[in-house]
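K.L.:
Structure in structure tokens, see below.
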Amino acid sequence: MTSPIVRRSNQSGQSKEPERANSLLLASRRFAAWAAEITLVVTSGLIPFGIGVYANSRSDLNRVPLNPVLVVTERAIARPLALPVSYGIRNVAWPTNILWTIALLAPVTLSWWQLYLLAKTGSTIPKRWLKVRVVNEQGKPPGLGAVVIREGVGRWTVPISIAYLLWRYSFAFPNLGLFTFLSLLMIVGEGIGLPSRRGRRALHDQLAGTHTIDVLLASNRQAQSVSGNDEAEEWQEGNEELAETQTNHSPNLWRRIQQNPNLTLFGVGLTSMTAVLATLIGTQVYIQIQQSQRTTKQINSQQFLELVKQLTPNSGATNEQRQSAILAMGGLNDPQSIKFLADLLVSETNSSLLDTIQQALTTVGPQAIPELKNKNQFLVSELESVGSTATKERELRQGRLQRNQRTINKILSVYSGKIEGVDLSSTQLGQSGTPGSSFFNLVLDSLDLSGVKFKSANLNQASFKGSRFRSAGEDGRWDTYDDVMADLSQAQLQQANLTDANLSRVLMNRTDLSRATLNRANLSNARLYDAKLNSTQLVGADLRNAVLEKASLTGADLGDAKLNEANLYAARLGRATAIGTQLSFANLTNTDWQGADLSGAYLDRANLSNANLSATRLAGAVLRSAQMENVNLQNADLSLADLRGANVTGADFKGAILAPSKQDPADQFVQTPDLGSVSAVVQGVDFSQAKNLDAKQLAYICTQGGIHPRCP
């Protein structure tokens with residue numbers, strides 16, 4: 001066999017330094033091209049996203065529900081990264097929906113376009129600029145399949161998967177900063193490459209069978225070899241012959257099978273026998289399990305029938321015997337016994353037996369809730385059918401409903417922290433508000449109610465003091481995707497007591513919390529879209545980052561509450577008390593505060609565009625750098641308010657009090673900002689485009705350092 005012809009240079013020692021320099025130059029241009037590609041992809045998403053954020057902050061744009069594609073994408077990203085996912089109704093400005101969709105699609109489209117160029121030409125646009133090309137073993141463009149393996153598997157999937165596993169199962173979880181650092185470290189390490197027969201190559205090049213070449217150097221070598229075409233052809237023929245020889249002698253699975261037929265048959269036979277044996281064993285185990293379940297069910301059915309006979313009115317059993325039978329039936333814990341006990345709870349009149357029935361159902365636990373819920377809804381419909389007139393029949397049905405409610409209350413209390421997924425939607429567990437209604441009061445204080453579904457349930461006047469409606473989930477870490485939260489959306493919680501309750505991130509859209517007590521409750525990141533909080537006590541409550549869009553807080557007490565960065569778009573807060581309330585960076589566009597008391601409130605950098613602050617008290621309020629475009633401040637008291645840096649373009653100051661008056665001794669508890677001097681209140685504020693400024697207001701503005709064209 002003819003051996004390949006290999007050309008050797010007589011000056012190999014002298015060429016090492018130029019080759020090393022060329023290698024470093026190529027590496028730097030490869031990195032620059034990769035950085036440019038990533039920058040283009042990231043920028044294509046960040047620009048429309050940033051514009052969308054700005055559009056969403058505008059108050060003059062119509063708001064629409066977030067695109068479902070964006071919601072699904074957000075949840076898909078949140079799960080593996082252990083992020084708290086946004087859920088429920090979420091409205092954004094209509095251009096934001098379009099721009100954020102573009103921000104999602106543009107990077108994907110640009111990435112695929114770059115992959116297509118790389119597959120067909122060997123270069124993306126940045127690689128073409130920097131004279132870098134990717135080729136296969138034949139020196140041709142790699143093709144789409146090789147590019148997908150090179151970029152999708154080698155460059156991204158492998159290093160990021162390793163980084164994710166190290167992050168997820170180490171002390172670093174769920175710190176996203178450390179995950180980002182590990183990912184960059186793995187990507188750079190993979191790009192440095194591993195030694196191979198053809199020099200140092202990155203893993204993605206080795207997987208795809210590609211090489212990165214210097215276009216300039218290749219062109220120079222091609223020009224230098226024009227005079228030696230014969231030798232080049234001889235070199236190419238020798239290489240092709242060597243490649244063919246290596247291919248013929250390379251190990252091949254099919255060839256091994258042909259060479260060892262007996263061993264192959266033995267392997268196939270052994271695998272088949274193992275599969276058959278595993279199938280037989282699995283089938284036998286399944287049959288035994290099914291037979292055991294049938295036997296248990298049959299025994300339970302026989303025991304159930306015997307117990308039912310003892311509980312019939314004509315059985316002649318004593319009270320003690322009937323109580324024993326009821327407790328034994330609770331121990332069966334099967335659907336038919338649970339249903340029988342739930343029915344017996346309604347029909348029985350003996351007080352001692354009723355207590356025993358309740359005890360039996362409590363022993364069954366959360367498994368009894370679905371049947372009790374069905375019975376609850378049936379009893380409510382029965383009660384409504386007899387009308388509101390106080391009659392003996394109504395009292396009888398009220399008593400039945402109360403027994404059902406007490407049993408549910410007992411189960412929730414006993415199994416605190418073990419009732420995740422319990423569904424009490426549309427269940428009557430509170431006062432109906434109609435004359436002669438049930439007098440039962442739900443009491444679930446200091447309990448773990450995480451994961452319970454109270455959607456559309458009646459929980460009026462219930463007590464949840466210190467209870468938790470949210471837990472950390474399986475990973476034991478807060479603010480991750482698997483956090484367990486109750487669902488209180490559309491529930492009736494009028495006059496309920498939720499003092500010190502943990503309702504963080506809980507879904508409470510369209511929930512009625514009128515006249516409820518939520519003092520010091522944790523409502524951070526809670527979803528309260530279109531909720532009713534009229535005359536609600538929220539003193540010292542934590543509502544940071546909460547969504548209160550279109551919520552009604554008329555007459556609510558928000559004293560010392562924390563509403564930093566909360567979203568109160570178009571919320572109604574007329575006559576609300578917000579003394580010392582923290583509203584920094586909050587979205588208060590289109591809100592209605594007419595007649596509210598915001599004395600000493602912190603509204604720095606809040607967005608109050610188009611808000612109605614007429615007849616409000618803002619004495620000592622901090623409004624530094626607040627957005628107050630087109631805000632209505634008619635007859636508002638702004639004495640000692642700090643307006644430095646505020647944008648008051650289009651604001652209506654008709655009848656507003658700007659000059660500080662002598663402080664009422666009764667208001668000395670209101671903490672005013674440290675201004676140093678009164679003149680700093682409006683110093684540097686541009687009132688040029690403010691509306692309805694009278695002569696007295698202008699005089700005060702001009703003398704205190706404000707800006708207006710009429711100032712001397």
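Ligands are numbered from 1 in the order shown, residues from 1 within each chain, and chains are lettered A, B, ... in the order they appear in the structure tokens.
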Which polymer residues have any atom within 12 Å of an atom of A:Glu549, counting only C-alpha atoms, with same-chain residues fewer than 4 positions away left out, as a PyMOL selection string?
P.N.:
chain A and resi 63+89-92+508-510+526-532+545+553+566-573+586-591
K.L.:
Can those selected residues be exported to a file as a tab-separated table (two decimals), in the first residue's frame so that it contains N, CA, C and O atoms?
P.N.:
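Generated output (result_33.tsv):
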chain	number	residue	atom	x	y	z
A	63	ARG	N	-54.61	49.63	28.91
A	63	ARG	CA	-53.97	48.44	29.46
A	63	ARG	C	-54.74	47.20	29.07
A	63	ARG	O	-55.99	47.19	29.08
A	89	ILE	N	-54.18	37.67	37.05
A	89	ILE	CA	-54.46	38.74	36.10
A	89	ILE	C	-53.33	39.76	36.18
A	89	ILE	O	-53.00	40.27	37.23
A	90	ARG	N	-52.76	40.08	35.04
A	90	ARG	CA	-51.67	41.04	34.97
A	90	ARG	C	-51.86	41.87	33.72
A	90	ARG	O	-51.79	41.35	32.61
A	91	ASN	N	-52.12	43.14	33.90
A	91	ASN	CA	-52.36	44.03	32.78
A	91	ASN	C	-51.14	44.90	32.52
A	91	ASN	O	-50.46	45.33	33.44
A	92	VAL	N	-50.89	45.14	31.24
A	92	VAL	CA	-49.79	46.01	30.82
A	92	VAL	C	-50.32	46.93	29.73
A	92	VAL	O	-51.39	46.71	29.16
A	508	MET	N	-55.36	36.94	45.46
A	508	MET	CA	-56.55	37.50	46.09
A	508	MET	C	-57.29	38.43	45.12
A	508	MET	O	-57.86	39.45	45.51
A	509	ASN	N	-57.26	38.10	43.85
A	509	ASN	CA	-57.93	38.92	42.85
A	509	ASN	C	-59.43	38.94	43.08
A	509	ASN	O	-60.06	37.90	43.27
A	510	ARG	N	-59.98	40.17	43.08
A	510	ARG	CA	-61.43	40.40	43.25
A	510	ARG	C	-61.96	39.87	44.59
A	510	ARG	O	-63.13	39.56	44.72
A	526	ALA	N	-48.44	40.25	46.98
A	526	ALA	CA	-49.77	39.64	46.85
A	526	ALA	C	-50.48	40.20	45.63
A	526	ALA	O	-50.23	41.33	45.20
A	527	ARG	N	-51.39	39.41	45.06
A	527	ARG	CA	-52.17	39.83	43.89
A	527	ARG	C	-53.56	40.20	44.37
A	527	ARG	O	-54.34	39.32	44.75
A	528	LEU	N	-53.85	41.51	44.35
A	528	LEU	CA	-55.13	42.02	44.84
A	528	LEU	C	-55.82	42.83	43.74
A	528	LEU	O	-56.41	43.87	43.99
A	529	TYR	N	-55.74	42.33	42.53
A	529	TYR	CA	-56.35	43.02	41.39
A	529	TYR	C	-57.87	43.16	41.60
A	529	TYR	O	-58.56	42.18	41.87
A	530	ASP	N	-58.36	44.40	41.49
A	530	ASP	CA	-59.79	44.69	41.59
A	530	ASP	C	-60.39	44.20	42.91
A	530	ASP	O	-61.58	43.87	42.98
A	531	ALA	N	-59.57	44.13	43.95
A	531	ALA	CA	-60.06	43.68	45.26
A	531	ALA	C	-60.78	44.82	45.97
A	531	ALA	O	-60.54	46.00	45.70
A	532	LYS	N	-61.64	44.47	46.91
A	532	LYS	CA	-62.38	45.45	47.71
A	532	LYS	C	-61.77	45.50	49.10
A	532	LYS	O	-61.82	44.52	49.84
A	545	ASN	N	-44.43	45.76	46.63
A	545	ASN	CA	-44.54	45.07	45.34
A	545	ASN	C	-45.89	44.39	45.14
A	545	ASN	O	-46.04	43.55	44.24
A	553	LEU	N	-59.90	51.03	47.90
A	553	LEU	CA	-59.46	51.19	49.28
A	553	LEU	C	-60.09	52.43	49.90
A	553	LEU	O	-59.49	53.11	50.74
A	566	ALA	N	-45.29	49.23	44.98
A	566	ALA	CA	-46.57	48.58	44.75
A	566	ALA	C	-47.23	49.15	43.50
A	566	ALA	O	-46.98	50.30	43.11
A	567	ASN	N	-48.08	48.37	42.87
A	567	ASN	CA	-48.80	48.81	41.68
A	567	ASN	C	-50.26	49.09	42.05
A	567	ASN	O	-51.03	48.17	42.28
A	568	LEU	N	-50.60	50.40	42.14
A	568	LEU	CA	-51.96	50.80	42.48
A	568	LEU	C	-52.63	51.51	41.31
A	568	LEU	O	-53.44	52.42	41.48
A	569	TYR	N	-52.29	51.12	40.11
A	569	TYR	CA	-52.85	51.77	38.92
A	569	TYR	C	-54.38	51.81	38.99
A	569	TYR	O	-55.04	50.78	39.20
A	570	ALA	N	-54.93	53.03	38.86
A	570	ALA	CA	-56.39	53.25	38.83
A	570	ALA	C	-57.09	52.78	40.11
A	570	ALA	O	-58.29	52.50	40.08
A	571	ALA	N	-56.36	52.68	41.21
A	571	ALA	CA	-56.99	52.30	42.48
A	571	ALA	C	-57.78	53.48	43.04
A	571	ALA	O	-57.48	54.64	42.78
A	572	ARG	N	-58.79	53.16	43.84
A	572	ARG	CA	-59.65	54.18	44.45
A	572	ARG	C	-59.33	54.25	45.95
A	572	ARG	O	-59.57	53.28	46.68
A	573	LEU	N	-58.82	55.41	46.39
A	573	LEU	CA	-58.37	55.58	47.77
A	573	LEU	C	-58.98	56.82	48.41
A	573	LEU	O	-58.37	57.45	49.28
A	586	ALA	N	-43.79	53.75	44.00
A	586	ALA	CA	-45.06	53.07	43.71
A	586	ALA	C	-45.66	53.61	42.42
A	586	ALA	O	-45.45	54.77	42.04
A	587	ASN	N	-46.43	52.77	41.74
A	587	ASN	CA	-47.16	53.18	40.55
A	587	ASN	C	-48.54	53.64	40.99
A	587	ASN	O	-49.41	52.83	41.31
A	588	LEU	N	-48.75	54.97	41.01
A	588	LEU	CA	-50.00	55.55	41.49
A	588	LEU	C	-50.72	56.30	40.36
A	588	LEU	O	-51.52	57.20	40.62
A	589	THR	N	-50.45	55.93	39.13
A	589	THR	CA	-51.09	56.60	38.01
A	589	THR	C	-52.59	56.35	38.01
A	589	THR	O	-53.06	55.25	38.31
A	590	ASN	N	-53.32	57.42	37.71
A	590	ASN	CA	-54.79	57.37	37.62
A	590	ASN	C	-55.47	56.99	38.94
A	590	ASN	O	-56.61	56.55	38.94
A	591	THR	N	-54.77	57.09	40.06
A	591	THR	CA	-55.40	56.78	41.35
A	591	THR	C	-56.26	57.96	41.81
A	591	THR	O	-56.02	59.11	41.45
K.L.:
Could you give me, as a PyMOL selection string, the residues within 9 Å of A:Leu341, counting only C-alpha atoms and dropping anything in the same chain fewer than 4 positions from it?
P.N.:
chain A and resi 326+329-330+336-337+345-346+357-358+360-361
K.L.:
Keeping only all heavy atoms, write the selected residues to a file as an mmCIF file, in the first residue's frame.
P.N.:
data_model
loop_
_atom_site.group_PDB
_atom_site.id
_atom_site.type_symbol
_atom_site.label_atom_id
_atom_site.label_comp_id
_atom_site.auth_asym_id
_atom_site.auth_seq_id
_atom_site.Cartn_x
_atom_site.Cartn_y
_atom_site.Cartn_z
ATOM 1 N N ILE A 326 -69.690 4.011 65.040
ATOM 2 C CA ILE A 326 -69.339 5.229 64.291
ATOM 3 C C ILE A 326 -67.829 5.398 64.219
ATOM 4 O O ILE A 326 -67.269 5.687 63.154
ATOM 5 C CB ILE A 326 -70.007 6.459 64.948
ATOM 6 C CG1 ILE A 326 -71.522 6.414 64.745
ATOM 7 C CG2 ILE A 326 -69.436 7.756 64.376
ATOM 8 C CD1 ILE A 326 -72.281 7.430 65.575
ATOM 9 N N MET A 329 -66.366 2.927 61.860
ATOM 10 C CA MET A 329 -66.615 3.302 60.466
ATOM 11 C C MET A 329 -65.631 4.384 60.021
ATOM 12 O O MET A 329 -65.166 4.381 58.874
ATOM 13 C CB MET A 329 -68.062 3.797 60.312
ATOM 14 C CG MET A 329 -68.456 4.051 58.862
ATOM 15 S SD MET A 329 -70.216 4.378 58.674
ATOM 16 C CE MET A 329 -70.898 2.745 58.981
ATOM 17 N N GLY A 330 -65.303 5.288 60.921
ATOM 18 C CA GLY A 330 -64.292 6.294 60.581
ATOM 19 C C GLY A 330 -62.941 5.672 60.309
ATOM 20 O O GLY A 330 -62.171 6.176 59.485
ATOM 21 N N GLN A 336 -67.381 5.059 50.774
ATOM 22 C CA GLN A 336 -68.767 4.807 51.190
ATOM 23 C C GLN A 336 -68.975 5.121 52.674
ATOM 24 O O GLN A 336 -70.019 5.664 53.069
ATOM 25 C CB GLN A 336 -69.167 3.365 50.887
ATOM 26 C CG GLN A 336 -68.294 2.306 51.541
ATOM 27 C CD GLN A 336 -68.729 0.889 51.177
ATOM 28 O OE1 GLN A 336 -69.723 0.698 50.494
ATOM 29 N NE2 GLN A 336 -67.976 -0.106 51.648
ATOM 30 N N SER A 337 -67.956 4.835 53.503
ATOM 31 C CA SER A 337 -68.096 5.142 54.925
ATOM 32 C C SER A 337 -68.043 6.653 55.169
ATOM 33 O O SER A 337 -68.770 7.179 56.030
ATOM 34 C CB SER A 337 -67.006 4.442 55.733
ATOM 35 O OG SER A 337 -65.723 4.876 55.338
ATOM 36 N N LEU A 345 -74.135 12.980 59.860
ATOM 37 C CA LEU A 345 -73.896 14.233 60.576
ATOM 38 C C LEU A 345 -75.057 15.206 60.395
ATOM 39 O O LEU A 345 -75.374 15.996 61.292
ATOM 40 C CB LEU A 345 -72.595 14.870 60.077
ATOM 41 C CG LEU A 345 -72.137 16.161 60.761
ATOM 42 C CD1 LEU A 345 -71.727 15.889 62.201
ATOM 43 C CD2 LEU A 345 -70.982 16.793 59.992
ATOM 44 N N VAL A 346 -75.725 15.131 59.267
ATOM 45 C CA VAL A 346 -76.851 16.027 58.975
ATOM 46 C C VAL A 346 -78.140 15.514 59.594
ATOM 47 O O VAL A 346 -78.947 16.289 60.130
ATOM 48 C CB VAL A 346 -77.009 16.187 57.446
ATOM 49 C CG1 VAL A 346 -78.272 16.974 57.116
ATOM 50 C CG2 VAL A 346 -75.785 16.848 56.852
ATOM 51 N N ILE A 357 -69.635 11.493 65.692
ATOM 52 C CA ILE A 357 -69.553 11.546 64.223
ATOM 53 C C ILE A 357 -68.485 12.550 63.801
ATOM 54 O O ILE A 357 -67.682 12.291 62.893
ATOM 55 C CB ILE A 357 -70.926 11.918 63.625
ATOM 56 C CG1 ILE A 357 -71.952 10.833 63.929
ATOM 57 C CG2 ILE A 357 -70.812 12.124 62.116
ATOM 58 C CD1 ILE A 357 -73.390 11.240 63.633
ATOM 59 N N GLN A 358 -68.487 13.705 64.466
ATOM 60 C CA GLN A 358 -67.480 14.718 64.154
ATOM 61 C C GLN A 358 -66.076 14.187 64.440
ATOM 62 O O GLN A 358 -65.143 14.415 63.663
ATOM 63 C CB GLN A 358 -67.744 15.979 64.976
ATOM 64 C CG GLN A 358 -66.847 17.151 64.604
ATOM 65 C CD GLN A 358 -67.119 18.374 65.456
ATOM 66 O OE1 GLN A 358 -66.521 18.512 66.524
ATOM 67 N NE2 GLN A 358 -68.016 19.228 65.007
ATOM 68 N N ALA A 360 -65.158 11.047 64.332
ATOM 69 C CA ALA A 360 -64.838 10.040 63.308
ATOM 70 C C ALA A 360 -64.395 10.700 62.008
ATOM 71 O O ALA A 360 -63.425 10.264 61.367
ATOM 72 C CB ALA A 360 -66.052 9.151 63.075
ATOM 73 N N LEU A 361 -65.094 11.760 61.604
ATOM 74 C CA LEU A 361 -64.726 12.462 60.373
ATOM 75 C C LEU A 361 -63.386 13.174 60.530
ATOM 76 O O LEU A 361 -62.613 13.260 59.568
ATOM 77 C CB LEU A 361 -65.821 13.464 59.998
ATOM 78 C CG LEU A 361 -67.117 12.850 59.443
ATOM 79 C CD1 LEU A 361 -68.232 13.884 59.394
ATOM 80 C CD2 LEU A 361 -66.871 12.263 58.053
#
K.L.:
Would you pick out the contacts of A:Pro712 at 12 Å or less, using only C-alpha atoms, so that residues sharing its chain but fewer than 6 positions from it are not included, and give the list as a PyMOL selection string?
P.N.:
chain A and resi 698-699+701-703+705-706
K.L.:
May I have the residues within 8 Å of A:Ser123 as a list in words, using only C-alpha atoms and disregarding those fewer than 4 positions away in the same chain?
P.N.:
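Close residues of A:Ser123: Leu117, Leu118, Ala119, Lys127, Arg128, Val132, Arg133 and Val134 of chain A.
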K.L.:
Any chance you can output those residues with N, CA, C and O atoms as a PDB file, in the first residue's frame?
P.N.:
ATOM      1  N   LEU A 117     -26.475  31.096   8.541  1.00  0.00           N
ATOM      2  CA  LEU A 117     -25.298  31.632   7.849  1.00  0.00           C
ATOM      3  C   LEU A 117     -24.064  30.790   8.151  1.00  0.00           C
ATOM      4  O   LEU A 117     -23.257  30.498   7.256  1.00  0.00           O
ATOM      5  N   LEU A 118     -23.922  30.384   9.407  1.00  0.00           N
ATOM      6  CA  LEU A 118     -22.775  29.573   9.796  1.00  0.00           C
ATOM      7  C   LEU A 118     -22.796  28.225   9.088  1.00  0.00           C
ATOM      8  O   LEU A 118     -21.754  27.705   8.675  1.00  0.00           O
ATOM      9  N   ALA A 119     -23.980  27.644   8.928  1.00  0.00           N
ATOM     10  CA  ALA A 119     -24.099  26.340   8.269  1.00  0.00           C
ATOM     11  C   ALA A 119     -23.813  26.422   6.779  1.00  0.00           C
ATOM     12  O   ALA A 119     -23.179  25.528   6.204  1.00  0.00           O
ATOM     13  N   LYS A 127     -18.208  37.053  12.282  1.00  0.00           N
ATOM     14  CA  LYS A 127     -17.067  36.235  11.859  1.00  0.00           C
ATOM     15  C   LYS A 127     -16.542  36.708  10.504  1.00  0.00           C
ATOM     16  O   LYS A 127     -15.328  36.699  10.251  1.00  0.00           O
ATOM     17  N   ARG A 128     -17.461  37.117   9.636  1.00  0.00           N
ATOM     18  CA  ARG A 128     -17.040  37.612   8.322  1.00  0.00           C
ATOM     19  C   ARG A 128     -16.253  38.911   8.472  1.00  0.00           C
ATOM     20  O   ARG A 128     -15.260  39.134   7.788  1.00  0.00           O
ATOM     21  N   VAL A 132     -12.918  35.184  10.162  1.00  0.00           N
ATOM     22  CA  VAL A 132     -12.888  33.883  10.825  1.00  0.00           C
ATOM     23  C   VAL A 132     -13.927  32.997  10.147  1.00  0.00           C
ATOM     24  O   VAL A 132     -15.028  33.450   9.829  1.00  0.00           O
ATOM     25  N   ARG A 133     -13.577  31.729   9.928  1.00  0.00           N
ATOM     26  CA  ARG A 133     -14.504  30.815   9.253  1.00  0.00           C
ATOM     27  C   ARG A 133     -14.467  29.450   9.929  1.00  0.00           C
ATOM     28  O   ARG A 133     -13.417  29.009  10.399  1.00  0.00           O
ATOM     29  N   VAL A 134     -15.629  28.800   9.968  1.00  0.00           N
ATOM     30  CA  VAL A 134     -15.759  27.448  10.507  1.00  0.00           C
ATOM     31  C   VAL A 134     -15.937  26.494   9.340  1.00  0.00           C
ATOM     32  O   VAL A 134     -16.819  26.703   8.484  1.00  0.00           O
TER      33      VAL A 134
END
K.L.:
With only C-alpha atoms as the atoms that count, which of A:Asn175, A:Leu623, A:Phe31, A:Gly152 lies nearest to A:Trp478?
P.N.:
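Among the listed residues, A:Asn175 lies closest to A:Trp478.
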K.L.:
Mind checking DSSP for stretch 298-498 of chain A and telling me the helix (DSSP H, G or I) residues as a VMD selection string?
P.N.:
chain A and resid 298 to 311 319 to 332 335 to 347 351 to 385 392 to 414
K.L.:
If we count only C-alpha atoms and set the cut-off at 8 Å, which residues sit around A:Ile47, ignoring sequence neighbours fewer than 4 positions away in its own chain? Please answer as number ranges by chain.
P.N.:
A: 43, 51, 103
K.L.:
Tell me which protein, DNA and RNA residues are within 12 Å of A:Asn376, counting only C-alpha atoms, leaving out same-chain ones fewer than 4 positions away, and put them as a compact mmCIF listing (two decimals) with N, CA and C atoms, in the first residue's frame.
P.N.:
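Just written: part_23.txt:
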# COMPACT_ATOMS: atom_id res chain seq x y z
N ALA A 342 -70.95 11.62 56.60
CA ALA A 342 -71.33 13.00 56.27
C ALA A 342 -72.85 13.14 56.26
N ASP A 343 -73.55 12.13 55.73
CA ASP A 343 -75.02 12.16 55.74
C ASP A 343 -75.56 12.02 57.16
N LEU A 345 -74.13 12.98 59.86
CA LEU A 345 -73.90 14.23 60.58
C LEU A 345 -75.06 15.21 60.39
N VAL A 346 -75.72 15.13 59.27
CA VAL A 346 -76.85 16.03 58.98
C VAL A 346 -78.14 15.51 59.59
N ILE A 369 -62.95 16.04 53.36
CA ILE A 369 -63.33 17.40 52.95
C ILE A 369 -64.19 17.42 51.69
N PRO A 370 -63.85 16.68 50.62
CA PRO A 370 -64.69 16.75 49.41
C PRO A 370 -66.15 16.41 49.68
N GLU A 371 -66.41 15.36 50.48
CA GLU A 371 -67.80 14.98 50.77
C GLU A 371 -68.46 16.04 51.66
N LEU A 372 -67.73 16.57 52.63
CA LEU A 372 -68.29 17.62 53.48
C LEU A 372 -68.56 18.89 52.68
N VAL A 380 -76.59 24.75 51.97
CA VAL A 380 -76.74 26.18 51.69
C VAL A 380 -77.89 26.42 50.74
N SER A 381 -77.97 25.60 49.70
CA SER A 381 -79.09 25.75 48.74
C SER A 381 -80.43 25.44 49.41
N GLU A 382 -80.43 24.47 50.31
CA GLU A 382 -81.66 24.15 51.06
C GLU A 382 -82.08 25.33 51.93
N LEU A 383 -81.09 25.94 52.60
CA LEU A 383 -81.36 27.06 53.49
C LEU A 383 -81.89 28.26 52.71
N ARG A 397 -82.41 23.62 59.60
CA ARG A 397 -81.42 23.55 58.52
C ARG A 397 -80.17 24.36 58.86
N GLN A 398 -80.36 25.44 59.61
CA GLN A 398 -79.20 26.19 60.07
C GLN A 398 -78.32 25.34 60.99
N GLY A 399 -78.97 24.58 61.86
CA GLY A 399 -78.23 23.70 62.76
C GLY A 399 -77.43 22.65 61.99
N ARG A 400 -78.03 22.09 60.95
CA ARG A 400 -77.33 21.10 60.13
C ARG A 400 -76.10 21.72 59.46
N LEU A 401 -76.27 22.94 58.91
CA LEU A 401 -75.15 23.62 58.25
C LEU A 401 -74.04 23.93 59.25
N GLN A 402 -74.42 24.35 60.45
CA GLN A 402 -73.42 24.67 61.47
C GLN A 402 -72.60 23.44 61.86
N ARG A 403 -73.24 22.28 61.96
CA ARG A 403 -72.50 21.05 62.29
C ARG A 403 -71.50 20.72 61.19
N ASN A 404 -71.93 20.91 59.96
CA ASN A 404 -71.03 20.68 58.83
C ASN A 404 -69.84 21.65 58.87
N GLN A 405 -70.12 22.91 59.15
CA GLN A 405 -69.06 23.92 59.19
C GLN A 405 -68.07 23.65 60.32
N ARG A 406 -68.59 23.26 61.49
CA ARG A 406 -67.71 22.99 62.63
C ARG A 406 -66.78 21.81 62.33
N THR A 407 -67.29 20.82 61.63
CA THR A 407 -66.47 19.65 61.30
C THR A 407 -65.33 20.04 60.36
N ILE A 408 -65.64 20.85 59.35
CA ILE A 408 -64.60 21.33 58.44
C ILE A 408 -63.57 22.15 59.21
N LEU A 424 -61.78 23.97 48.98
CA LEU A 424 -62.98 24.46 49.66
C LEU A 424 -63.59 25.62 48.87
N SER A 425 -63.43 25.57 47.56
CA SER A 425 -63.98 26.61 46.71
C SER A 425 -65.50 26.65 46.82
N SER A 426 -66.03 27.88 46.86
CA SER A 426 -67.48 28.11 46.91
C SER A 426 -68.15 27.46 48.12
N THR A 427 -67.39 27.29 49.19
CA THR A 427 -67.95 26.71 50.42
C THR A 427 -68.40 27.81 51.37
N GLN A 428 -69.50 27.56 52.08
CA GLN A 428 -70.04 28.54 53.03
C GLN A 428 -69.45 28.26 54.41
N LEU A 429 -68.49 29.11 54.82
CA LEU A 429 -67.85 28.95 56.12
C LEU A 429 -67.90 30.24 56.93
N GLY A 430 -68.73 31.19 56.51
CA GLY A 430 -68.83 32.47 57.19
C GLY A 430 -70.25 32.97 57.22
N ALA A 457 -65.06 31.25 48.23
CA ALA A 457 -65.65 30.76 49.48
C ALA A 457 -66.15 31.94 50.32
N ASN A 458 -67.15 31.67 51.15
CA ASN A 458 -67.65 32.67 52.09
C ASN A 458 -66.91 32.50 53.41
K.L.:
From the list A:Ile419, A:Ala646, A:Leu130, A:Leu503, which residue is nearest A:Ala32 when using only C-alpha atoms?
P.N.:
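Going through A:Ile419, A:Ala646, A:Leu130, A:Leu503 one by one, the smallest distance to A:Ala32 is for A:Leu130.
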K.L.:
Between A:Pro126, A:Gly476, A:Gly574, A:Gly559, which is the closest to A:Ser599 once you count only C-alpha atoms?
P.N.:
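That would be A:Gly559, the residue with the smallest distance to A:Ser599.
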K.L.:
Name the closest residue to A:Tyr116 among the candidates A:Ala35, A:Ala202, A:Leu144, A:Leu83; distances are taken between atoms, counting only C-alpha atoms.
P.N.:
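Checking each candidate against A:Tyr116, we get A:Leu144 as the closest.
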K.L.:
Please report, as a PyMOL selection string, each residue of stretch 466-679 of chain A to which DSSP assigns strand (DSSP E or B) when run on this structure's backbone.
P.N.:
chain A and resi 468+470-471+484-485+487+492+497+502+507+512+517+522+527+532+537+542+547+552+557+562+567+572+577+582+587+592+597+602+607+612+617+622+627+632+637+642+647+652+657
K.L.:
Looking at only C-alpha atoms, which of A:Ala275, A:Val631, A:Ser170, A:Ser639 is the one that sits closest to A:Ala619?
P.N.:
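Ranking A:Ala275, A:Val631, A:Ser170, A:Ser639 by distance to A:Ala619, first place goes to A:Ser639.
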